[in-house]
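Text of the file final38.cif, holding mmCIF, C-alpha atoms:
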data_target
#
loop_
_atom_site.label_atom_id
_atom_site.label_comp_id
_atom_site.auth_asym_id
_atom_site.auth_seq_id
_atom_site.Cartn_x
_atom_site.Cartn_y
_atom_site.Cartn_z
CA MET E 575 -3.09 -15.42 -50.18
CA HIS E 576 -2.04 -13.70 -47.01
CA THR E 577 -5.50 -13.59 -45.60
CA THR E 578 -5.46 -17.27 -44.89
CA ARG E 579 -2.62 -16.84 -42.40
CA ARG E 580 -3.65 -13.69 -40.59
CA PRO E 581 -6.60 -15.07 -38.69
CA ARG E 582 -4.54 -17.92 -37.33
CA THR E 583 -1.82 -15.61 -36.06
CA GLY E 584 -4.37 -13.32 -34.46
CA LEU E 585 -6.19 -16.13 -32.77
CA VAL E 586 -3.02 -17.38 -31.20
CA ALA E 587 -2.16 -13.93 -29.88
CA VAL E 588 -5.59 -13.34 -28.41
CA SER E 589 -5.71 -16.76 -26.83
CA LEU E 590 -2.40 -16.20 -25.13
CA GLY E 591 -3.68 -12.86 -23.97
CA PHE E 592 -6.71 -14.31 -22.23
CA ALA E 593 -4.72 -17.02 -20.55
CA ALA E 594 -1.99 -14.75 -19.29
CA ILE E 595 -4.34 -11.99 -18.17
CA ALA E 596 -6.56 -14.45 -16.37
CA ALA E 597 -3.53 -15.92 -14.65
CA GLY E 598 -2.27 -12.49 -13.74
CA CYS E 599 -5.58 -11.39 -12.30
CA GLY E 600 -6.15 -14.37 -10.09
CA GLY E 601 -6.02 -14.17 -6.33
CA GLY E 602 -4.12 -11.24 -5.03
CA SER E 603 -5.05 -8.61 -7.56
CA SER E 604 -8.41 -7.85 -6.09
CA THR E 605 -9.18 -4.32 -5.07
CA ARG E 606 -10.52 -3.65 -1.61
CA ALA E 607 -13.75 -2.02 -0.81
CA THR E 608 -13.82 1.65 -0.08
CA PRO E 609 -14.13 2.11 3.66
CA ALA E 610 -17.78 2.24 4.47
CA GLY E 611 -18.94 5.23 6.37
CA SER E 612 -15.78 7.15 5.72
CA PRO E 613 -17.04 10.59 4.84
CA ALA E 614 -13.73 11.66 3.46
CA ARG E 615 -14.00 9.16 0.66
CA VAL E 616 -17.31 10.31 -0.58
CA GLY E 617 -16.96 12.71 -3.43
CA SER E 618 -13.38 13.48 -2.64
CA PRO E 619 -11.23 14.57 -5.53
CA THR E 620 -8.69 12.21 -6.92
CA THR E 621 -5.52 13.24 -8.62
CA VAL E 622 -4.59 9.84 -9.88
CA ALA E 623 -6.52 8.90 -12.93
CA ALA E 624 -7.26 5.23 -13.13
CA ALA E 625 -7.29 3.69 -16.53
CA PRO E 626 -10.69 3.75 -18.20
CA GLY E 627 -12.83 0.84 -17.20
CA THR E 628 -10.63 -0.18 -14.31
CA THR E 629 -11.93 1.98 -11.49
CA ARG E 630 -13.95 -0.27 -9.26
CA PRO E 631 -14.18 1.10 -5.77
CA HIS E 632 -16.23 -1.83 -4.60
CA GLY E 633 -15.66 -5.48 -5.13
CA PRO E 634 -12.94 -7.40 -6.79
CA THR E 635 -11.23 -6.46 -9.98
CA SER E 636 -12.51 -8.53 -12.82
CA THR E 637 -11.00 -7.30 -16.00
CA ALA E 638 -9.69 -10.63 -17.12
CA ALA E 639 -12.30 -11.09 -19.79
CA GLU E 640 -11.49 -7.78 -21.41
CA PRO E 641 -8.67 -7.91 -23.94
CA PRO E 642 -6.10 -5.21 -23.40
CA ALA E 643 -6.12 -2.27 -25.75
CA SER E 644 -2.55 -3.05 -26.61
CA THR E 645 -3.34 -6.49 -27.95
CA PRO E 646 -2.26 -6.45 -31.57
CA ALA E 647 -5.06 -6.55 -34.05
CA SER E 648 -5.51 -9.67 -36.01
CA GLY E 649 -2.78 -9.92 -38.55
CA SER E 650 -0.65 -7.09 -37.24
CA THR E 651 1.98 -9.39 -35.86
CA ALA E 652 2.32 -11.02 -39.23
CA THR E 653 3.40 -7.75 -40.78
CA LYS E 654 5.90 -6.99 -38.03
CA PRO E 655 7.93 -10.07 -37.42
CA VAL E 656 10.09 -9.92 -34.34
CA ALA E 657 12.28 -12.44 -32.71
CA ALA E 658 10.12 -14.46 -30.35
CA SER E 659 12.89 -14.75 -27.82
CA SER E 660 13.28 -10.98 -27.27
CA ALA E 661 9.89 -9.41 -27.84
CA PRO E 662 7.46 -9.51 -24.95
CA SER E 663 4.09 -10.86 -25.83
CA ALA E 664 0.98 -8.75 -25.69
CA ALA E 665 -0.22 -10.95 -22.87
CA GLN E 666 2.87 -10.26 -20.79
CA LEU E 667 2.53 -6.54 -21.29
CA ALA E 668 -1.17 -6.72 -20.52
CA ALA E 669 -0.40 -8.39 -17.21
CA VAL E 670 1.98 -5.57 -16.36
CA SER E 671 -0.60 -2.99 -17.38
CA GLN E 672 -3.10 -4.66 -15.10
CA ASP E 673 -0.74 -4.27 -12.16
CA LEU E 674 -0.19 -0.65 -13.07
CA ASP E 675 -3.92 -0.03 -13.29
CA ASN E 676 -4.52 -1.67 -9.92
CA ALA E 677 -1.76 0.44 -8.44
CA GLY E 678 -3.48 3.49 -9.87
CA ASN E 679 -6.67 2.51 -8.10
CA SER E 680 -4.84 2.15 -4.81
CA LEU E 681 -3.17 5.50 -5.28
CA ALA E 682 -6.50 7.10 -6.04
CA GLY E 683 -7.88 5.53 -2.89
CA SER E 684 -5.10 7.07 -0.84
CA ASN E 685 -5.89 10.64 -1.84
CA SER E 686 -8.74 11.33 0.53
CA ALA E 687 -7.04 9.49 3.37
CA ILE E 688 -3.90 11.55 2.96
CA SER E 689 -5.97 14.71 2.87
CA ASP E 690 -7.72 13.70 6.09
CA SER E 691 -4.42 12.96 7.77
CA ASN E 692 -3.50 16.63 7.60
CA VAL E 693 -3.39 17.70 11.25
CA ASN E 694 -3.45 21.38 10.37
CA GLN E 695 -6.86 20.86 8.86
CA ALA E 696 -8.03 18.62 11.71
CA GLU E 697 -7.07 21.08 14.42
CA THR E 698 -9.68 23.57 13.32
CA GLN E 699 -12.48 21.02 13.73
CA GLU E 700 -11.85 20.15 17.36
CA GLY E 701 -13.65 23.05 19.01
CA SER E 702 -13.84 23.54 22.75
CA ALA E 703 -16.30 23.30 25.58
CA PRO E 704 -18.80 26.17 25.88
CA MET U 1058 -39.30 -0.60 51.38
CA ASN U 1059 -40.04 2.92 52.45
CA ARG U 1060 -39.26 6.02 50.43
CA ALA U 1061 -36.14 6.90 52.41
CA THR U 1062 -34.71 3.47 51.79
CA SER U 1063 -35.42 3.73 48.09
CA LYS U 1064 -33.62 7.02 47.93
CA TYR U 1065 -30.68 5.58 49.79
CA LEU U 1066 -30.44 2.67 47.37
CA ALA U 1067 -30.68 4.96 44.38
CA VAL U 1068 -27.89 7.11 45.72
CA ALA U 1069 -25.75 4.07 46.44
CA ALA U 1070 -26.33 2.75 42.95
CA ALA U 1071 -25.32 6.06 41.45
CA VAL U 1072 -22.12 6.14 43.46
CA VAL U 1073 -21.25 2.61 42.42
CA THR U 1074 -21.99 3.43 38.79
CA VAL U 1075 -19.67 6.42 38.77
CA ALA U 1076 -16.97 4.40 40.49
CA VAL U 1077 -17.26 1.58 38.00
CA MET U 1078 -17.05 4.00 35.14
CA GLY U 1079 -13.76 5.16 36.51
CA LEU U 1080 -14.76 8.76 36.44
CA ALA U 1081 -14.24 11.12 39.31
CA ALA U 1082 -17.32 12.93 40.45
CA PRO U 1083 -17.63 16.21 38.59
CA SER U 1084 -15.53 18.84 40.23
CA GLY U 1085 -17.68 21.25 42.19
CA ALA U 1086 -20.87 19.46 41.32
CA LEU U 1087 -23.48 18.98 43.94
CA GLY U 1088 -22.34 15.43 44.05
CA THR U 1089 -23.97 12.24 43.03
CA THR U 1090 -26.23 12.41 46.05
CA THR U 1091 -27.79 15.60 44.84
CA GLY U 1092 -27.69 14.35 41.26
CA ALA U 1093 -29.77 11.36 42.18
CA THR U 1094 -32.34 13.30 44.09
CA THR U 1095 -32.82 16.25 41.77
CA ASN U 1096 -33.65 16.59 38.15
CA PRO U 1097 -30.62 18.29 36.53
CA SER U 1098 -32.75 19.47 33.67
CA THR U 1099 -35.36 21.29 35.70
CA ASP U 1100 -33.87 22.07 39.10
CA PRO U 1101 -33.09 25.80 39.16
CA SER U 1102 -30.04 25.16 41.30
CA CYS U 1103 -28.47 23.14 38.47
CA LYS U 1104 -26.40 25.40 36.23
CA GLY U 1105 -25.80 25.16 32.51
CA THR U 1106 -28.85 23.16 31.56
CA ASN U 1107 -29.08 25.15 28.34
CA ILE U 1108 -25.51 24.16 27.46
CA LYS U 1109 -25.96 20.46 27.97
CA PRO U 1110 -27.75 19.80 24.66
CA THR U 1111 -24.80 21.35 22.84
CA LEU U 1112 -22.38 19.16 24.74
CA HIS U 1113 -24.50 16.13 24.01
CA LYS U 1114 -24.45 17.02 20.35
CA ASP U 1115 -20.67 17.32 20.50
CA ALA U 1116 -20.49 13.91 22.14
CA VAL U 1117 -22.68 12.27 19.51
CA ARG U 1118 -20.71 13.89 16.74
CA ARG U 1119 -17.54 12.42 18.16
CA GLU U 1120 -19.06 8.99 18.68
CA ASN U 1121 -20.16 8.95 15.05
CA ALA U 1122 -16.75 10.07 13.86
CA LEU U 1123 -15.07 7.34 15.87
CA SER U 1124 -17.40 4.74 14.40
CA ALA U 1125 -16.57 5.95 10.90
CA LEU U 1126 -12.86 5.73 11.66
CA VAL U 1127 -13.24 2.16 12.87
CA SER U 1128 -15.10 1.32 9.67
CA ALA U 1129 -12.34 2.87 7.58
CA LEU U 1130 -9.72 0.80 9.34
CA ARG U 1131 -11.73 -2.39 9.08
CA ALA U 1132 -12.10 -1.88 5.33
CA SER U 1133 -8.38 -1.44 4.88
CA GLN U 1134 -5.76 -4.07 4.47
CA ASP U 1135 -3.30 -4.08 7.29
CA PRO U 1136 0.17 -4.53 5.80
CA TYR U 1137 1.89 -2.85 8.75
CA GLY U 1138 -0.12 -4.47 11.52
CA LEU U 1139 -1.22 -1.10 12.92
CA ASN U 1140 -4.95 -1.30 12.46
CA GLY U 1141 -5.97 -3.59 15.30
CA ALA U 1142 -4.52 -1.48 18.10
CA GLN U 1143 -5.91 1.67 16.56
CA ILE U 1144 -9.37 0.15 16.35
CA ALA U 1145 -9.14 -0.75 20.03
CA ALA U 1146 -8.08 2.80 20.93
CA LEU U 1147 -10.95 4.27 18.95
CA GLN U 1148 -13.47 1.94 20.54
CA ASP U 1149 -12.17 2.82 24.01
CA ALA U 1150 -12.50 6.49 23.19
CA LYS U 1151 -16.05 6.02 21.99
CA SER U 1152 -16.97 4.12 25.12
CA GLY U 1153 -15.44 6.81 27.29
CA ILE U 1154 -17.30 9.56 25.49
CA THR U 1155 -20.58 7.73 25.84
CA THR U 1156 -19.99 7.41 29.57
CA LEU U 1157 -18.94 11.03 29.95
CA ASP U 1158 -21.97 12.18 28.00
CA GLY U 1159 -24.19 10.28 30.43
CA VAL U 1160 -22.44 11.73 33.44
CA ILE U 1161 -22.79 15.28 32.16
CA SER U 1162 -26.45 14.93 31.32
CA GLY U 1163 -27.25 13.28 34.66
CA THR U 1164 -25.30 15.58 36.93
CA CYS U 1165 -26.58 18.71 38.61
CA TYR U 1166 -23.72 21.21 38.36
CA PRO U 1167 -23.79 23.96 41.00
CA THR U 1168 -21.67 26.25 38.84
CA LEU U 1169 -21.00 26.78 35.17
CA SER U 1170 -17.30 26.29 35.72
CA ALA U 1171 -17.96 22.83 37.12
CA LEU U 1172 -19.90 21.94 33.99
CA HIS U 1173 -17.21 23.48 31.83
CA GLU U 1174 -14.61 21.33 33.50
CA ASP U 1175 -16.45 18.15 32.64
CA GLY U 1176 -17.36 19.44 29.20
CA SER U 1177 -13.72 20.15 28.45
CA LYS U 1178 -12.91 16.49 28.99
CA LEU U 1179 -15.00 15.77 25.92
CA PHE U 1180 -12.58 17.80 23.85
CA VAL U 1181 -9.20 17.68 25.56
CA GLY U 1182 -9.55 14.20 26.97
CA TYR U 1183 -10.27 12.57 23.63
CA ARG U 1184 -9.09 14.89 20.87
CA VAL U 1185 -11.26 13.07 18.39
CA PHE U 1186 -10.93 15.52 15.53
CA TRP U 1187 -7.52 16.94 16.30
CA LEU U 1188 -5.78 13.62 16.94
CA ARG U 1189 -7.87 10.53 16.24
CA VAL U 1190 -9.00 11.56 12.77
CA PRO U 1191 -5.59 12.44 11.31
CA GLN U 1192 -3.94 9.63 13.25
CA THR U 1193 -6.31 7.06 11.80
CA PHE U 1194 -6.05 8.40 8.29
CA VAL U 1195 -2.28 8.27 8.40
CA ILE U 1196 -2.69 4.54 8.94
CA VAL U 1197 -5.38 4.18 6.27
CA ALA U 1198 -3.34 6.19 3.77
CA ALA U 1199 -0.26 4.11 4.48
CA ASP U 1200 -2.36 0.97 3.92
CA HIS U 1201 -3.45 2.25 0.50
CA LEU U 1202 0.03 3.30 -0.49
CA ALA U 1203 1.49 -0.03 0.59
CA GLU U 1204 -1.07 -1.74 -1.59
CA ALA U 1205 -0.02 0.43 -4.53
CA ARG U 1206 3.62 -0.28 -3.77
CA ILE U 1207 3.02 -4.03 -3.82
CA ARG U 1208 1.30 -3.83 -7.19
CA LEU U 1209 3.97 -1.61 -8.67
CA GLY U 1210 6.61 -3.98 -7.36
CA SER U 1211 4.78 -6.79 -9.08
CA ALA U 1212 4.76 -4.81 -12.33
CA ALA U 1213 8.46 -4.02 -12.05
CA GLY U 1214 9.18 -7.68 -11.40
CA LYS U 1215 7.30 -8.69 -14.52
CA LEU U 1216 9.02 -6.04 -16.62
CA ALA U 1217 12.55 -6.97 -15.56
CA PRO U 1218 12.88 -10.04 -17.77
CA LEU U 1219 11.10 -8.33 -20.66
CA VAL U 1220 13.25 -5.26 -21.29
CA GLY U 1221 16.09 -7.23 -22.83
CA SER U 1222 18.33 -4.94 -24.88
CA ASN U 1223 15.73 -2.24 -25.32
CA ALA U 1224 17.64 0.80 -24.04
CA ALA U 1225 14.62 3.00 -23.53
CA ALA U 1226 12.83 0.28 -21.61
CA GLN U 1227 15.90 -0.35 -19.49
CA ALA U 1228 16.15 3.33 -18.59
CA ASP U 1229 12.50 3.68 -17.78
CA LEU U 1230 12.47 0.53 -15.67
CA ALA U 1231 15.53 1.75 -13.81
CA ALA U 1232 13.71 5.01 -13.10
CA MET U 1233 10.70 3.04 -11.93
CA ASN U 1234 12.78 1.02 -9.51
CA GLN U 1235 14.49 4.17 -8.24
CA ALA U 1236 11.11 5.75 -7.55
CA LEU U 1237 10.00 2.63 -5.71
CA THR U 1238 13.12 2.81 -3.55
CA THR U 1239 12.32 6.42 -2.76
CA ALA U 1240 8.80 5.45 -1.76
CA ASP U 1241 10.14 2.67 0.45
CA GLY U 1242 12.30 5.20 2.27
CA LYS U 1243 9.23 7.18 3.28
CA LEU U 1244 6.61 4.50 3.60
CA GLY U 1245 8.64 1.60 4.88
CA VAL U 1246 8.45 -1.97 3.68
CA PRO U 1247 5.65 -4.12 5.14
CA PRO U 1248 5.44 -5.25 7.82
CA ASN U 1249 7.66 -2.39 8.96
CA ALA U 1250 6.21 1.07 8.53
CA GLY U 1251 8.51 4.02 7.95
CA ALA U 1252 9.72 5.85 11.06
CA THR U 1253 7.36 8.80 10.90
CA ILE U 1254 4.35 6.61 10.19
CA ALA U 1255 5.24 4.09 12.88
CA ALA U 1256 5.36 6.91 15.42
CA VAL U 1257 1.76 7.94 14.82
CA PRO U 1258 -0.29 5.10 16.37
CA GLY U 1259 1.30 5.67 19.75
CA LEU U 1260 0.07 9.25 20.04
CA VAL U 1261 -2.44 9.90 22.81
CA PRO U 1262 -4.73 12.86 23.51
CA ALA U 1263 -3.04 15.79 25.17
CA LYS U 1264 -3.95 19.25 26.31
CA ASP U 1265 -0.88 20.61 24.59
CA MET U 1266 -0.98 19.10 21.14
CA SER U 1267 2.24 20.61 19.84
CA GLN U 1268 4.24 17.38 20.06
CA ASN U 1269 1.46 15.32 18.55
CA GLY U 1270 1.15 17.91 15.82
CA SER U 1271 4.84 17.64 14.98
CA VAL U 1272 4.65 13.86 14.66
CA LEU U 1273 1.51 14.03 12.54
CA ARG U 1274 2.95 16.70 10.27
CA ALA U 1275 6.08 14.62 9.68
CA SER U 1276 4.04 11.58 8.73
CA TYR U 1277 1.81 13.67 6.48
CA ALA U 1278 4.87 14.98 4.64
CA ASP U 1279 6.18 11.45 4.16
CA LEU U 1280 2.83 10.22 2.91
CA LEU U 1281 2.80 12.98 0.31
CA ALA U 1282 6.36 12.16 -0.71
CA ALA U 1283 5.63 8.44 -0.89
CA ARG U 1284 2.55 9.01 -3.01
CA ALA U 1285 4.51 11.27 -5.38
CA ALA U 1286 7.21 8.62 -5.71
CA LEU U 1287 4.67 5.88 -6.37
CA MET U 1288 2.94 7.99 -8.99
CA GLU U 1289 6.30 8.54 -10.62
CA ALA U 1290 7.00 4.81 -10.50
CA ARG U 1291 3.65 4.08 -12.10
CA SER U 1292 4.34 6.61 -14.83
CA ASP U 1293 7.75 5.07 -15.48
CA GLY U 1294 6.17 1.65 -15.59
CA LYS U 1295 3.72 2.79 -18.23
CA LYS U 1296 6.57 4.26 -20.22
CA THR U 1297 8.40 0.97 -20.01
CA VAL U 1298 5.37 -0.88 -21.31
CA ALA U 1299 5.10 1.62 -24.15
CA ASP U 1300 8.78 1.13 -24.96
CA LEU U 1301 8.18 -2.59 -25.30
CA GLN U 1302 5.13 -2.37 -27.51
CA PRO U 1303 5.79 -3.92 -30.92
#

Show me, as structure tokens, the structure contained in the file I just sent.
Amino acid sequence: MHTTRRPRTGLVAVSLGFAAIAAGCGGGSSTRATPAGSPARVGSPTTVAAAPGTTRPHGPTSTAAEPPASTPASGSTATKPVAASSAPSAAQLAAVSQDLDNAGNSLAGSNSAISDSNVNQAETQEGSAP
Amino acid sequence: MNRATSKYLAVAAAVVTVAVMGLAAPSGALGTTTGATTNPSTDPSCKGTNIKPTLHKDAVRRENALSALVSALRASQDPYGLNGAQIAALQDAKSGITTLDGVISGTCYPTLSALHEDGSKLFVGYRVFWLRVPQTFVIVAADHLAEARIRLGSAAGKLAPLVGSNAAAQADLAAMNQALTTADGKLGVPPNAGATIAAVPGLVPAKDMSQNGSVLRASYADLLAARAALMEARSDGKKTVADLQP
């Protein structure tokens, strides 16, 4: 009896997720390319862990087609009814998560640059005339 | 044109070239006249010929580093409007080093101290590794952090209407916004960089680098603090999302 309703609910949720994520990823959410020729960026350690599947040092971010892990499974929303006016949708939360993931990528990209901005380290590399 | 005339023209050309390059003739060198009429690499009166390859290597290393720095800046977004002037400064430095390298290799130095004086310009006059590298990466790092800040601000803006009466989400979002404010205090808000970061692009090479070092250390400390605050904000944002999960 219940199985006839669950697919419909799930489809609606997933559809909203695609639309909202795609809207949220358009335009300004692209990641920039890693500076070419910057030796400090090559193989440098990162302390900020980007979310799995979101680290893309080169080229634009294009995760819109991938449903967020937090998207409720088909039917799950039917067993947990919440007031539509107060509960954020999975799509809304996915859009936020996308921003957070992109921020994580930017933070990871800053690590090597910050390390190379350390003048104490740079001083030792200057050398002097023979 | 006889041989004497040719020599005269060659000497004149060399003098004009040095003048155009804006470089004083090497102190104590045998002068451009001698430089044009002798081979600095083989003339026994020219000192330090065995040192010149090392200096040339140092020059090339610096030219390559400057090119890499320009590439790093060009690949970065420029939320504070600092990149263009820095690129110009780096390109000027590279051009100057190329010119100096040519002068050193083409000059017959009568003494080692004369060569040392010109060679020192390669280091002290440009400070590629001591100044230009950290200076440029302060700007690049600030660019990255500003990008992260913008994205976290976007996330916080999206979360604000979602937290509703969820107390945990409210608290975590408040913490996120507080962390973002802390980051703004160090990093600045585009297009205005924070004070310590804004002071960096104006630094120029100096023999005594203590003042430059102080400015760079202050900006480095603020970059570290800003990154820590942004990481905290991101963590709080993730907590807020978790709080709102059904």

The PyMOL selection byres ((chain U) within 6 of (chain E)) - which residues does that actually catch in the file I just gave you? List them as a ChimeraX atom specification. /U:1125,1128-1129,1132,1176-1177,1180,1186-1187,1191,1194-1195,1198,1201,1205,1208,1212,1219

Could you tell me, as a list in words, exactly which residues end up selected when the PyMOL selection byres ((chain U and resi 1262-1269) around 7) is applied to this structure?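 Those residues are Val1181, Gly1182, Tyr1183, Arg1184, Leu1188, Leu1260, Val1261, Gly1270, Ser1271, Val1272 and Leu1273 of chain U.
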
Cut-off 8 Å around (-2.4, -4.4, 3.9) with only C-alpha atoms: residues as a VMD selection string: chain U and resid 1133 to 1138 1200 to 1201 1203 to 1204

I'd like the neighbourhood of U:Lys1243 as a PyMOL selection string, where a residue qualifies if any of its atoms comes within 6 Å (using only C-alpha atoms), though same-chain residues fewer than 5 positions away should be ignored. chain U and resi 1251+1279+1283

Determine, counting all atoms listed in the file, which protein, DNA and RNA residues have an atom within 7 Å of an atom of U:Thr1253; residues of the same chain fewer than 4 positions away are not included. Present the result as a VMD selection string. chain U and resid 1257 1272 1275 to 1276

Could you tell me which residues the PyMOL selection byres ((chain U and resi 1120) around 12) returns for this structure, as a ChimeraX atom specification? /U:1113-1119,1121-1127,1147-1158,1179,1183-1186,1189-1190

Counting all atoms listed in the file, note down every residue that has an atom within 12 Å of the point (4.6, 5.8, -15.6) (file coordinates), as a ChimeraX atom specification. /E:622-623,670-671,673-675,677-678 /U:1209,1212-1213,1226,1229-1234,1236-1237,1285-1300

Suppose you want the space between atom CA of U:Leu1202 and atom CA of U:Gly1242; what is it in Å?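 Interatomic distance, atom CA of U:Leu1202 to atom CA of U:Gly1242: 12.7 Å.
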
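Between atom CA of U:Leu1169 and atom CA of U:Lys1104 the interatomic distance comes to 5.7 Å.
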
Interatomic distance (Å, one decimal) between atom CA of U:Gly1141 and atom CA of U:Val1160: 28.9 Å
